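> Structure supplied as upload.txt; contents: compact mmCIF, C-alpha atoms.
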# COMPACT_ATOMS: atom_id res chain seq x y z
CA MET I 1288 -5.71 9.46 -4.05
CA PHE I 1289 -5.61 5.78 -3.04
CA ALA I 1290 -5.63 4.70 -6.71
CA LYS I 1291 -2.86 7.20 -7.51
CA THR I 1292 -0.73 5.91 -4.61
CA PHE I 1293 -1.29 2.27 -5.61
CA GLY I 1294 -0.20 3.11 -9.15
CA CYS I 1295 2.86 5.12 -8.09
CA VAL I 1296 4.04 2.38 -5.73
CA ARG I 1297 3.68 -0.21 -8.49
CA PHE I 1298 5.41 2.10 -11.00
CA ILE I 1299 8.41 2.85 -8.76
CA TYR I 1300 8.82 -0.84 -7.87
CA ASN I 1301 8.78 -1.88 -11.54
CA LYS I 1302 11.01 1.01 -12.68
CA MET I 1303 13.62 0.33 -10.00
CA LEU I 1304 13.51 -3.43 -10.69
CA GLY I 1305 13.98 -2.85 -14.42
CA ASP I 1306 16.95 -0.57 -13.80
CA ARG I 1307 18.51 -3.07 -11.41
CA LEU I 1308 18.12 -5.94 -13.88
CA ASP I 1309 19.61 -3.86 -16.71
CA TYR I 1310 22.54 -2.81 -14.50
CA TYR I 1311 23.15 -6.43 -13.49
CA LYS I 1312 23.15 -7.58 -17.14
CA GLU I 1313 25.67 -4.87 -18.07
CA THR I 1314 28.07 -5.08 -15.12
CA GLY I 1315 27.30 -8.32 -13.28
CA LYS I 1316 26.97 -6.34 -10.03
CA LYS I 1317 24.04 -5.50 -7.80
CA ARG I 1318 22.68 -1.96 -7.76
CA ASN I 1319 20.99 -0.22 -4.87
CA ASN I 1320 18.83 2.63 -6.16
CA THR I 1321 16.29 4.86 -4.37
CA PRO I 1322 13.05 6.56 -5.47
CA ALA I 1323 14.51 10.10 -5.10
CA PRO I 1324 16.09 10.43 -8.59
CA TYR I 1325 12.91 9.21 -10.25
CA LYS I 1326 10.94 12.12 -8.77
CA GLU I 1327 12.85 14.54 -10.99
CA ASP I 1328 11.99 12.61 -14.17
CA PHE I 1329 8.42 11.84 -13.06
CA PRO I 1330 7.14 14.84 -11.01
CA TRP I 1331 3.77 13.17 -10.35
CA LEU I 1332 5.57 10.87 -7.90
CA LYS I 1333 5.83 13.88 -5.55
CA GLU I 1334 2.03 13.95 -5.19
CA VAL I 1335 1.89 10.72 -3.17
CA ASP I 1336 3.26 9.74 0.24
CA SER I 1337 7.06 9.43 0.06
CA LEU I 1338 7.09 6.73 2.74
CA ALA I 1339 4.88 4.54 0.55
CA LEU I 1340 7.53 4.80 -2.18
CA ALA I 1341 10.29 4.10 0.36
CA ASN I 1342 8.44 0.97 1.53
CA ALA I 1343 8.20 -0.18 -2.10
CA GLN I 1344 11.99 0.21 -2.27
CA MET I 1345 12.39 -1.83 0.94
CA ASN I 1346 10.16 -4.59 -0.45
CA LEU I 1347 12.21 -4.66 -3.65
CA ASN I 1348 15.48 -4.74 -1.67
CA LYS I 1349 14.25 -7.71 0.34
CA ALA I 1350 13.11 -9.67 -2.73
CA TYR I 1351 16.25 -8.80 -4.69
CA ASN I 1352 18.64 -9.73 -1.86
CA ASN I 1353 16.77 -12.97 -1.14
CA PHE I 1354 17.27 -14.00 -4.74
CA PHE I 1355 21.03 -13.45 -4.55
CA ARG I 1356 21.23 -15.15 -1.14
CA ASN I 1357 19.48 -18.39 -2.17
CA ARG I 1358 18.65 -18.69 -5.87
CA LYS I 1359 17.18 -22.19 -5.54
CA HIS I 1360 14.68 -21.20 -2.86
CA PHE I 1361 13.79 -17.66 -3.99
CA GLY I 1362 12.93 -16.93 -7.59
CA GLN I 1363 13.96 -13.85 -9.50
CA SER I 1364 12.07 -10.68 -8.60
CA ARG I 1365 9.02 -10.16 -10.79
CA PHE I 1366 7.34 -7.05 -12.08
CA GLN I 1367 4.07 -6.11 -10.41
CA SER I 1368 1.06 -6.43 -12.68
CA LYS I 1369 -1.60 -3.77 -13.09
CA LYS I 1370 -4.18 -6.46 -13.83
CA THR I 1371 -4.22 -8.22 -10.45
CA GLY I 1372 -7.28 -7.41 -8.41
CA HIS I 1373 -5.45 -6.92 -5.12
CA VAL I 1374 -3.31 -3.80 -4.63
CA SER I 1375 -1.76 -2.36 -1.49
CA TYR I 1376 0.79 0.04 -0.08
CA SER I 1377 2.33 0.61 3.35
CA THR I 1378 3.30 3.81 5.08
CA ASN I 1379 4.99 4.55 8.38
CA ASN I 1380 3.93 6.79 11.22
CA GLN I 1381 6.34 9.67 11.70
CA HIS I 1382 5.63 12.16 14.47
CA GLY I 1383 1.90 11.43 14.51
CA SER I 1384 1.32 11.55 10.76
CA VAL I 1385 -0.92 8.49 11.18
CA ARG I 1386 -3.43 8.65 14.01
CA ILE I 1387 -6.95 7.62 14.88
CA GLU I 1388 -9.35 10.45 15.61
CA GLY I 1389 -12.72 9.13 16.75
CA ASN I 1390 -14.10 6.92 13.99
CA LYS I 1391 -11.60 8.21 11.40
CA VAL I 1392 -7.95 7.64 10.61
CA ARG I 1393 -5.61 10.37 9.41
CA LEU I 1394 -3.24 9.25 6.65
CA PRO I 1395 -0.36 11.23 5.09
CA LYS I 1396 -1.23 13.12 1.87
CA ILE I 1397 -4.83 11.84 2.12
CA GLY I 1398 -6.26 13.25 5.33
CA LEU I 1399 -9.14 11.86 7.35
CA VAL I 1400 -10.75 8.62 6.16
CA LYS I 1401 -13.82 7.03 7.72
CA LEU I 1402 -12.89 3.91 9.67
CA CYS I 1403 -14.73 0.90 11.05
CA LEU I 1404 -12.43 -0.59 13.69
CA HIS I 1405 -12.42 -4.37 14.00
CA ARG I 1406 -11.10 -4.01 17.55
CA PRO I 1407 -9.85 -0.99 19.48
CA LEU I 1408 -6.16 -0.30 19.94
CA MET I 1409 -4.61 -0.89 23.36
CA GLU I 1410 -4.19 2.11 25.62
CA ASN I 1411 -0.80 3.81 25.38
CA SER I 1412 -0.11 2.05 22.06
CA THR I 1413 1.94 3.65 19.30
CA ILE I 1414 1.00 3.18 15.65
CA LYS I 1415 4.09 2.05 13.72
CA THR I 1416 2.91 1.10 10.22
CA VAL I 1417 -0.35 1.01 8.29
CA THR I 1418 -1.06 -0.99 5.15
CA ILE I 1419 -3.93 0.09 2.92
CA SER I 1420 -5.21 -2.55 0.53
CA LYS I 1421 -7.99 -2.84 -2.02
CA THR I 1422 -9.50 -6.20 -2.90
CA SER I 1423 -10.70 -7.24 -6.33
CA SER I 1424 -14.28 -6.63 -5.16
CA GLY I 1425 -13.45 -2.94 -4.58
CA LYS I 1426 -13.37 -2.97 -0.77
CA TYR I 1427 -10.67 -1.07 1.07
CA TYR I 1428 -8.99 -2.38 4.21
CA ILE I 1429 -6.41 -0.92 6.53
CA SER I 1430 -4.11 -3.00 8.68
CA ILE I 1431 -2.57 -1.15 11.63
CA LEU I 1432 0.63 -2.34 13.28
CA ALA I 1433 0.87 -0.89 16.78
CA GLU I 1434 3.41 -1.26 19.54
CA TYR I 1435 2.41 -1.27 23.17
CA GLU I 1436 3.84 -2.14 26.53
CA ASN I 1437 2.58 -5.55 27.60
CA GLN I 1438 1.00 -5.13 31.01
CA ILE I 1439 0.66 -8.40 32.87
CA LEU I 1440 -1.99 -8.09 35.51
CA PRO I 1441 -1.63 -10.14 38.69
CA ILE I 1442 -4.05 -13.05 38.92
CA ILE I 1443 -5.80 -13.48 42.24
CA PRO I 1444 -7.29 -16.98 42.49
CA LYS I 1445 -10.81 -17.27 43.89
CA LYS I 1446 -10.85 -21.04 44.50
CA PHE I 1447 -8.07 -23.20 45.83
CA LEU I 1448 -7.45 -26.90 45.44
CA GLY I 1449 -5.13 -28.86 47.73
CA LEU I 1450 -3.72 -32.30 46.96
CA ASP I 1451 -1.98 -34.70 49.31
CA PHE I 1452 -0.14 -37.58 47.68
CA ALA I 1453 1.96 -40.30 49.23
CA MET I 1454 3.57 -43.42 47.78
CA HIS I 1455 4.64 -46.31 49.95
CA GLY I 1456 7.50 -48.59 48.94
CA PRO I 1457 9.49 -48.99 45.74
CA ILE I 1458 7.91 -50.13 42.52
CA ASN I 1459 9.57 -52.96 40.60
CA ALA I 1460 8.71 -55.22 37.67
CA ALA I 1461 7.54 -58.08 39.91
CA THR I 1462 4.78 -56.01 41.46
CA SER I 1463 3.49 -54.47 38.26
CA CYS I 1464 -0.17 -54.86 37.36
CA ILE I 1465 0.42 -56.09 33.82
CA LYS I 1466 -0.63 -59.70 33.33
CA LYS I 1467 1.32 -61.78 30.87
CA PRO I 1468 -0.58 -63.82 28.27
CA ALA I 1469 -0.45 -67.61 28.64
CA THR I 1470 1.63 -67.98 25.45
CA TRP I 1471 4.66 -66.36 27.00
For the structure just supplied, provide its representation as structure tokens.

Amino acid sequence: MFAKTFGCVRFIYNKMLGDRLDYYKETGKKRNNTPAPYKEDFPWLKEVDSLALANAQMNLNKAYNNFFRNRKHFGQSRFQSKKTGHVSYSTNNQHGSVRIEGNKVRLPKIGLVKLCLHRPLMENSTIKTVTISKTSSGKYYISILAEYENQILPIIPKKFLGLDFAMHGPINAATSCIKKPATW
């Protein structure tokens, strides 16, 4: 299912980019398309997480708009290659569709997947987005973006240090400690 989702995300990104470039060549105007009409022509797109396809659209929108905003700094949007070793997709948490249950994570359209947490999530945190990626060596990683209320705990010092400083009289250039060389 991961491989199918990676492929569908890449397909929808490339298909939408191709249609946008063709539309721009014909009319000279920008086009804002969505993945929904493509699901009718390609029914296998319905088998994967719709939020992963929506995030591919958001990534394309950002790249496409950056190009039109500053053409010197941002290059033209490129098609995603099937031959790169690193693939990924992102999905959002809606009403608990992504959650951690023990040592497993529940993902939309996939179900429970065994998980080895690098570090535990904060208490009372809310999972916002997860990104699943596969490296060229075949390892899968998940990056979890969570939101939590920052709780600042009061610090009670155990040791105290007191300083008493006094300065007598004004300081001027005549009383400075710098010695002038004899050549001056």
> Find the smallest box with edges along x, y and z containing every listed atom of segment 1348-1351 of chain I, then add 6 Å on each side and report centre and edge lengths in Å to one decimal, as AutoDock Vina command-line options.

--center_x 14.7 --center_y -7.2 --center_z -2.2 --size_x 15.1 --size_y 16.9 --size_z 17.0
> Which distance in Å separates atom CA of Lys1370 of chain I and atom CA of Leu1347 of chain I, to one decimal?
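If I compute the distance from atom CA of Lys1370 of chain I to atom CA of Leu1347 of chain I, I get 19.4 Å.
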> Near Asn1320 of chain I, within 9 Å and counting only C-alpha atoms, which residues show up once chain neighbours fewer than 3 positions away are dropped, as a PDB file with C-alpha atoms, in the frame of the given file?

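This is the output file result.pdb:
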ATOM      1  CA  MET I1303      13.620   0.330 -10.000  1.00  0.00           C
ATOM      2  CA  ASP I1306      16.950  -0.570 -13.800  1.00  0.00           C
ATOM      3  CA  ARG I1307      18.510  -3.070 -11.410  1.00  0.00           C
ATOM      4  CA  ALA I1323      14.510  10.100  -5.100  1.00  0.00           C
ATOM      5  CA  PRO I1324      16.090  10.430  -8.590  1.00  0.00           C
ATOM      6  CA  GLN I1344      11.990   0.210  -2.270  1.00  0.00           C
TER       7      GLN I1344
END
> Give as an mmCIF file with C-alpha atoms, in the coordinates of the input the set of residues within 7 Å of the point (2.1, -2.2, 21.4), where distances use the file's coordinates and all atoms listed in the file.

data_model
loop_
_atom_site.group_PDB
_atom_site.id
_atom_site.type_symbol
_atom_site.label_atom_id
_atom_site.label_comp_id
_atom_site.auth_asym_id
_atom_site.auth_seq_id
_atom_site.Cartn_x
_atom_site.Cartn_y
_atom_site.Cartn_z
ATOM 1 C CA SER I 1412 -0.110 2.050 22.060
ATOM 2 C CA THR I 1413 1.940 3.650 19.300
ATOM 3 C CA ALA I 1433 0.870 -0.890 16.780
ATOM 4 C CA GLU I 1434 3.410 -1.260 19.540
ATOM 5 C CA TYR I 1435 2.410 -1.270 23.170
ATOM 6 C CA GLU I 1436 3.840 -2.140 26.530
#
> Go through I:Gly1294, I:Thr1416, I:Tyr1300, I:Lys1333 and flag the residue nearest Ser1364 of chain I, using all atoms listed in the file for the distances.
I:Tyr1300
> If you measure from atom CA of Ser1368 of chain I to atom CA of Lys1349 of chain I, what distance in Å do you get, rounded to one decimal?
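The value is 18.6 Å.
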> Provide the atom CA of Ile1397 of chain I to atom CA of Asn1301 of chain I distance in Å, to one decimal place.
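Atom CA of Asn1301 of chain I lies 23.7 Å from atom CA of Ile1397 of chain I.
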> Given only C-alpha atoms as the basis, pick out the residue of I:Ser1430, I:Asn1390, I:Ser1424, I:Asn1437 nearest to Met1409 of chain I.
I:Asn1437
> Between I:Leu1408, I:Ala1350, I:Ile1387, I:Val1374, which one has atoms that come closest to Tyr1428 of chain I, using only C-alpha atoms?
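For Tyr1428 of chain I, the nearest of the candidates is I:Val1374.
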